[in-house]
Structures are given as C-alpha cells and as structure tokens.
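Participant: Sharing entry.cif here; it has mmCIF, C-alpha atoms.
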data_target
#
loop_
_atom_site.label_atom_id
_atom_site.label_comp_id
_atom_site.auth_asym_id
_atom_site.auth_seq_id
_atom_site.Cartn_x
_atom_site.Cartn_y
_atom_site.Cartn_z
CA MET X 1199 24.37 0.32 40.20
CA ALA X 1200 25.28 0.93 36.60
CA THR X 1201 29.00 1.43 36.23
CA SER X 1202 29.84 1.18 32.54
CA THR X 1203 29.33 3.83 29.94
CA TYR X 1204 29.18 1.41 27.11
CA LEU X 1205 31.39 1.40 25.00
CA SER X 1206 32.48 4.97 24.92
CA ASN X 1207 35.99 4.40 23.70
CA PRO X 1208 36.41 0.85 22.44
CA VAL X 1209 38.47 -0.50 19.55
CA VAL X 1210 36.93 -3.02 17.16
CA THR X 1211 39.25 -5.02 14.92
CA VAL X 1212 38.18 -7.57 12.32
CA ASN X 1213 40.91 -9.62 10.65
CA SER X 1214 43.51 -7.07 11.87
CA VAL X 1215 41.53 -4.19 10.28
CA ASP X 1216 40.46 -1.42 12.66
CA LEU X 1217 36.76 -0.77 12.00
CA THR X 1218 36.14 1.29 15.13
CA ASP X 1219 34.95 4.34 13.22
CA GLN X 1220 32.39 2.27 11.31
CA CYS X 1221 31.02 0.36 14.30
CA THR X 1222 28.03 1.47 16.37
CA ALA X 1223 27.26 -1.63 18.43
CA ALA X 1224 29.00 -4.81 19.49
CA THR X 1225 27.86 -7.89 21.35
CA PHE X 1226 30.44 -10.50 22.34
CA THR X 1227 28.92 -13.61 23.88
CA HIS X 1228 31.05 -16.12 25.76
CA ARG X 1229 28.98 -19.28 25.63
CA PHE X 1230 29.16 -23.04 26.03
CA ASP X 1231 26.67 -25.65 24.96
CA SER X 1232 24.80 -26.98 27.98
CA LEU X 1233 24.68 -30.76 28.05
CA GLU X 1234 21.98 -32.36 30.12
CA ALA X 1235 23.34 -34.56 32.87
CA THR X 1236 20.14 -35.15 34.81
CA SER X 1237 19.78 -38.67 36.17
CA PHE X 1238 17.46 -40.72 38.33
CA GLY X 1239 17.39 -39.39 41.84
CA ASP X 1240 17.78 -35.76 40.80
CA THR X 1241 15.04 -33.37 41.75
CA ALA X 1242 16.05 -30.74 39.21
CA ARG X 1243 17.68 -30.71 35.80
CA ASN X 1244 21.46 -30.64 35.83
CA PHE X 1245 23.76 -29.51 33.06
CA VAL X 1246 27.47 -29.71 32.32
CA LYS X 1247 29.62 -27.65 30.01
CA GLY X 1248 29.84 -28.77 26.40
CA LEU X 1249 31.69 -27.27 23.47
CA GLY X 1250 32.39 -23.56 23.26
CA ASN X 1251 29.85 -21.76 21.09
CA HIS X 1252 30.97 -18.15 21.19
CA GLU X 1253 29.56 -15.35 19.10
CA VAL X 1254 30.32 -11.75 18.12
CA THR X 1255 27.73 -9.49 16.51
CA LEU X 1256 28.72 -6.10 15.12
CA SER X 1257 26.63 -3.27 13.71
CA LEU X 1258 28.61 -1.38 11.09
CA TYR X 1259 28.03 1.48 8.72
CA MET X 1260 28.33 0.11 5.21
CA SER X 1261 30.87 1.82 3.01
CA TYR X 1262 32.11 0.61 -0.35
CA ALA X 1263 35.11 2.96 -0.39
CA SER X 1264 38.62 1.52 -0.35
CA SER X 1265 39.83 0.22 3.03
CA GLU X 1266 36.33 0.49 4.49
CA THR X 1267 33.63 -1.95 5.59
CA TYR X 1268 32.91 -3.77 2.34
CA ALA X 1269 36.59 -4.09 1.41
CA THR X 1270 37.24 -5.61 4.83
CA LEU X 1271 34.39 -8.09 4.88
CA ALA X 1272 33.76 -9.15 1.28
CA ALA X 1273 36.56 -11.69 1.15
CA LEU X 1274 35.82 -12.99 4.65
CA VAL X 1275 32.37 -14.40 3.89
CA GLY X 1276 32.53 -18.16 4.22
CA THR X 1277 35.84 -18.08 6.07
CA ALA X 1278 37.07 -17.85 9.65
CA THR X 1279 39.11 -15.02 11.07
CA ASN X 1280 39.92 -13.10 14.25
CA VAL X 1281 37.75 -10.45 15.90
CA GLU X 1282 39.02 -8.35 18.79
CA ILE X 1283 37.11 -5.86 20.90
CA LYS X 1284 39.09 -3.68 23.26
CA THR X 1285 36.91 -2.10 25.91
CA ALA X 1286 39.27 0.86 26.01
CA THR X 1287 42.28 2.14 24.16
CA GLY X 1288 45.70 1.52 25.65
CA THR X 1289 47.18 -1.42 27.47
CA PRO X 1290 44.63 -4.02 28.56
CA SER X 1291 44.11 -4.55 32.28
CA PRO X 1292 41.71 -6.49 34.52
CA THR X 1293 39.41 -3.46 34.52
CA ALA X 1294 39.82 -2.80 30.79
CA PRO X 1295 40.06 -6.23 29.18
CA ASN X 1296 40.33 -7.12 25.50
CA PHE X 1297 38.08 -9.86 24.21
CA VAL X 1298 39.34 -11.96 21.32
CA LEU X 1299 37.57 -14.48 19.12
CA THR X 1300 40.08 -16.53 17.14
CA GLY X 1301 38.71 -18.41 14.16
CA GLY X 1302 35.21 -16.93 14.16
CA PHE X 1303 33.22 -17.95 11.08
CA LEU X 1304 31.38 -15.33 9.02
CA SER X 1305 28.61 -17.11 7.15
CA GLU X 1306 26.85 -14.13 5.59
CA LEU X 1307 27.19 -10.45 4.76
CA PRO X 1308 24.24 -8.26 3.77
CA VAL X 1309 25.78 -6.43 0.81
CA ILE X 1310 22.94 -3.90 0.67
CA ASN X 1311 20.76 -2.79 3.55
CA SER X 1312 19.61 0.71 2.80
CA THR X 1313 16.71 3.06 3.29
CA MET X 1314 16.29 6.38 1.54
CA GLY X 1315 17.52 9.23 3.66
CA GLU X 1316 19.47 7.04 6.11
CA LEU X 1317 23.04 5.84 6.35
CA SER X 1318 23.34 2.22 5.31
CA THR X 1319 24.19 -0.19 8.13
CA VAL X 1320 24.74 -3.93 8.30
CA ASP X 1321 24.74 -6.40 11.17
CA ILE X 1322 27.22 -9.26 10.93
CA THR X 1323 27.83 -12.22 13.20
CA PHE X 1324 30.94 -14.32 13.71
CA VAL X 1325 30.26 -17.72 15.25
CA GLY X 1326 32.47 -20.43 16.68
CA GLY X 1327 36.18 -20.17 17.28
CA ASP X 1328 38.17 -19.81 20.48
CA PHE X 1329 37.44 -17.19 23.11
CA ALA X 1330 40.15 -15.39 25.06
CA VAL X 1331 40.35 -12.50 27.50
CA VAL X 1332 43.49 -10.38 27.53
CA THR X 1333 44.09 -8.48 30.76
CA ALA X 1334 47.74 -7.56 30.39
CA GLY X 1335 49.92 -5.98 27.73
CA PRO X 1336 52.53 -7.87 25.72
CA MET M 510 56.79 -10.72 3.56
CA TYR M 511 53.90 -8.25 3.61
CA THR M 512 53.86 -4.47 3.76
CA ILE M 513 51.04 -2.41 5.28
CA VAL M 514 49.15 -0.16 2.85
CA SER M 515 46.11 0.91 4.86
CA PRO M 516 46.35 2.80 8.17
CA ARG M 517 43.46 0.62 9.38
CA VAL M 518 45.95 -2.23 9.71
CA GLY M 519 48.96 -0.30 11.00
CA THR M 520 51.52 2.21 9.86
CA PRO M 521 51.71 2.25 6.05
CA GLY M 522 55.10 1.12 4.79
CA GLU M 523 55.88 -1.01 7.81
CA GLU M 524 56.22 -4.77 7.61
CA TYR M 525 53.06 -6.70 8.43
CA THR M 526 53.35 -9.93 10.36
CA PRO M 527 50.01 -11.73 10.44
CA ALA M 528 48.80 -13.02 13.77
CA GLU M 529 47.62 -16.60 14.04
CA GLY M 530 44.22 -17.01 12.44
CA THR M 531 44.41 -13.87 10.31
CA ASN M 532 42.97 -14.26 6.82
CA VAL M 533 45.89 -12.81 4.84
CA GLU M 534 44.22 -13.51 1.48
CA ALA M 535 41.31 -11.25 2.46
CA LEU M 536 43.71 -8.48 3.46
CA LEU M 537 45.49 -8.76 0.10
CA LEU M 538 42.21 -8.76 -1.85
CA GLY M 539 40.97 -5.75 0.11
CA GLY M 540 44.17 -3.83 -0.61
CA PHE M 541 45.10 -3.46 3.05
CA ILE M 542 48.52 -5.05 2.59
CA VAL M 543 50.73 -5.99 -0.34
CA LYS M 544 53.11 -8.85 -0.78
CA THR M 545 56.69 -7.70 -1.09
CA VAL M 546 59.74 -9.59 -2.15
CA LYS M 547 63.03 -8.87 -0.47
CA ALA M 548 65.59 -7.72 -3.02
CA LYS M 549 68.57 -10.00 -3.38
CA PRO M 550 71.79 -8.42 -2.17
CA ALA M 551 74.06 -7.32 -4.98
CA SER M 552 77.10 -9.55 -5.51
CA SER M 553 80.22 -8.07 -4.03
CA LYS M 554 83.39 -7.36 -5.93
CA ASP M 555 85.15 -9.99 -3.90
CA ASP M 556 83.02 -12.76 -5.33
CA LYS M 557 85.25 -15.15 -7.16
CA ILE M 558 84.10 -16.33 -10.54
CA GLU M 559 85.51 -19.59 -11.71
CA PRO M 560 86.82 -19.24 -15.25
CA ASN M 561 85.43 -21.59 -17.81
CA LYS M 562 88.27 -24.00 -18.47
CA GLU M 563 87.00 -25.22 -21.79
#
Re-express the file's structure as structure tokens.
Facilitator:
Amino acid sequence: MATSTYLSNPVVTVNSVDLTDQCTAATFTHRFDSLEATSFGDTARNFVKGLGNHEVTLSLYMSYASSETYATLAALVGTATNVEIKTATGTPSPTAPNFVLTGGFLSELPVINSTMGELSTVDITFVGGDFAVVTAGP
Amino acid sequence: MYTIVSPRVGTPGEEYTPAEGTNVEALLLGGFIVKTVKAKPASSKDDKIEPNKE
C-alpha cells in the first residue's frame, strides 16, 4: 500500500544553498554499474557490483534574481559539488533519512527554458560522486 | 574565513565553514558568502619597543 506522500516537506540543498522553494521534483538514484560475471556452466546471466554511478535530477523554477536558482548554479556548471535531499525537516532518522551526493558533477545547465504564459523551469542532473544516507543527527 | 550573506546558506552575519566537497568559489561568485579577514589585534601599551641604538 502506498505510504509516502512525496515529498511534502523535503529540503533540497545544492552546494550548501537551500533551493527548496524553487524545487518541484527530485529524483535521487543510488546505482552501481553491473558487471557481467556469467561463465560456462551458468544457466542465467550473473552480475556483480561495479563502480558507483549515482545520480540526482532536480526540477527547479528558474530565477535570475540574486541568491536564486541561476546565481546558485551558474558557477557550478562543469564542476562537482554536494547535493543533499532531506525527506523531512528536522533531525534525520531511519524513517526520515537524508540522502547526500558528495562530488556530483553538473555537466550542463539550460540557461533559458521558457514558454509564454508559464513559469520558466529547468531540469538539472548531477552525476557521479559518493552516495551516503544519514539516519541520525550530528 | 567566510561570512554568510544569503539566508539560503545560513544565518547572515554568521561565520561559514564549508563542508567537504563544497564549491566555495561558486558561493563567492553567487554572492552567498563573502571572504572576511580577521582584524589584527591592536598592540597593547605594554608592548616594548626596542630603541634604535644608532
């Protein structure tokens, strides 16, 4: 049965900047490359874990005002930084974990994505880096 | 030493200590923080000044 009202009260931080009020969707994928390890005698393909290949995709309203989306992301294109998504405000716990990508690389930023009569939004993706789950406060 | 300017990073005026992996240059360029230099303490009256013997 469905148990999560997604993400009703999360906190999204990019490079220490809180962009929660500009974010409308977030996908954090914890992933490893799958290396084929199938050999003679096997009756099905077998795989083992390879390198981590994690990814965070955010949908953000674009704003060029000071301290907003563009100011946060413009200098990050082509660099690696940290992205943190807290599933709820407050101290993290096993039922309200924080997910952290350390050293995620931002390869591109759509600087304009607009349609007349609509708020401008951009989708950005951070790839690579180290994945961590925080389930307890400092 | 860095000081927070934007409330999106923390409380403005407080010292900012970057976490590992944070792109500080991007925060400076975006105007979220500023670099501050600690003022040198003023010399006290008790400081002894060696007279020039020549």
Participant: Within 7 Å of Thr512 of chain M, counting all atoms listed in the file, which residues show up once you throw out same-chain ones fewer than 5 positions away? Write them as a list in words, please.
Facilitator: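 In the requested format, the answer is Gly522, Glu523, Glu524, Tyr525, Ile542, Val543, Lys544 and Thr545 of chain M.
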Participant: Tell me the residues of chain M close to chain X, meaning within 6 Å using all atoms listed in the file, as an NGL selection string.
Facilitator: :M and (517-518 or 530-532 or 535 or 539)
Participant: Which of these residues is nearest to Glu1282 of chain X, using all atoms listed in the file: M:Met510, M:Ala528, M:Leu538, M:Pro516?
Facilitator: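 Among the listed residues, M:Ala528 lies closest to Glu1282 of chain X.
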Participant: Find, counting only C-alpha atoms, the residue in X:Thr1222, X:Thr1333, X:Thr1241, X:Thr1236 that gets nearest to Thr1293 of chain X.
Facilitator: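 That would be X:Thr1333, the residue with the smallest distance to Thr1293 of chain X.
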Participant: Rounded to one decimal place, report the atom CA of Leu1307 of chain X-atom CA of Gly1276 of chain X distance in Å.
Facilitator: 9.4 Å
Participant: Would you compute the distance between atom CA of Asn1296 of chain X and atom CA of Val1331 of chain X? Give it in Å to one decimal.
Facilitator: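 Spanning atom CA of Asn1296 of chain X to atom CA of Val1331 of chain X is a straight-line distance of 5.7 Å.
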Participant: Only N, CA and C atoms, as a compact mmCIF listing (two decimals), in the first residue's frame: that is what I want for segment 511-525 of chain M.
Facilitator:
# COMPACT_ATOMS: atom_id res chain seq x y z
N TYR M 511 34.98 32.86 6.08
CA TYR M 511 33.88 33.32 5.24
C TYR M 511 32.69 33.71 6.13
N THR M 512 31.94 34.70 5.64
CA THR M 512 30.75 35.14 6.37
C THR M 512 29.52 34.96 5.47
N ILE M 513 28.45 34.46 6.05
CA ILE M 513 27.22 34.20 5.31
C ILE M 513 26.52 35.52 4.98
N VAL M 514 26.11 35.65 3.71
CA VAL M 514 25.36 36.82 3.26
C VAL M 514 23.90 36.45 2.99
N SER M 515 23.70 35.31 2.35
CA SER M 515 22.35 34.91 1.95
C SER M 515 21.72 33.96 2.98
N PRO M 516 20.45 34.19 3.31
CA PRO M 516 19.77 33.26 4.24
C PRO M 516 19.58 31.87 3.64
N ARG M 517 19.82 31.72 2.35
CA ARG M 517 19.72 30.38 1.75
C ARG M 517 20.87 29.48 2.19
N VAL M 518 21.92 30.09 2.72
CA VAL M 518 23.08 29.31 3.17
C VAL M 518 23.09 29.16 4.69
N GLY M 519 22.52 30.12 5.38
CA GLY M 519 22.50 30.08 6.83
C GLY M 519 22.07 31.43 7.36
N THR M 520 22.47 31.72 8.58
CA THR M 520 22.11 33.00 9.18
C THR M 520 23.09 34.07 8.73
N PRO M 521 22.60 35.10 8.04
CA PRO M 521 23.51 36.16 7.58
C PRO M 521 24.31 36.76 8.74
N GLY M 522 25.59 36.95 8.49
CA GLY M 522 26.47 37.52 9.51
C GLY M 522 27.26 36.48 10.26
N GLU M 523 26.77 35.23 10.24
CA GLU M 523 27.50 34.18 10.94
C GLU M 523 28.65 33.66 10.09
N GLU M 524 29.60 33.06 10.76
CA GLU M 524 30.76 32.50 10.04
C GLU M 524 30.31 31.27 9.25
N TYR M 525 30.84 31.14 8.05
CA TYR M 525 30.52 29.98 7.22
C TYR M 525 31.72 29.06 7.14
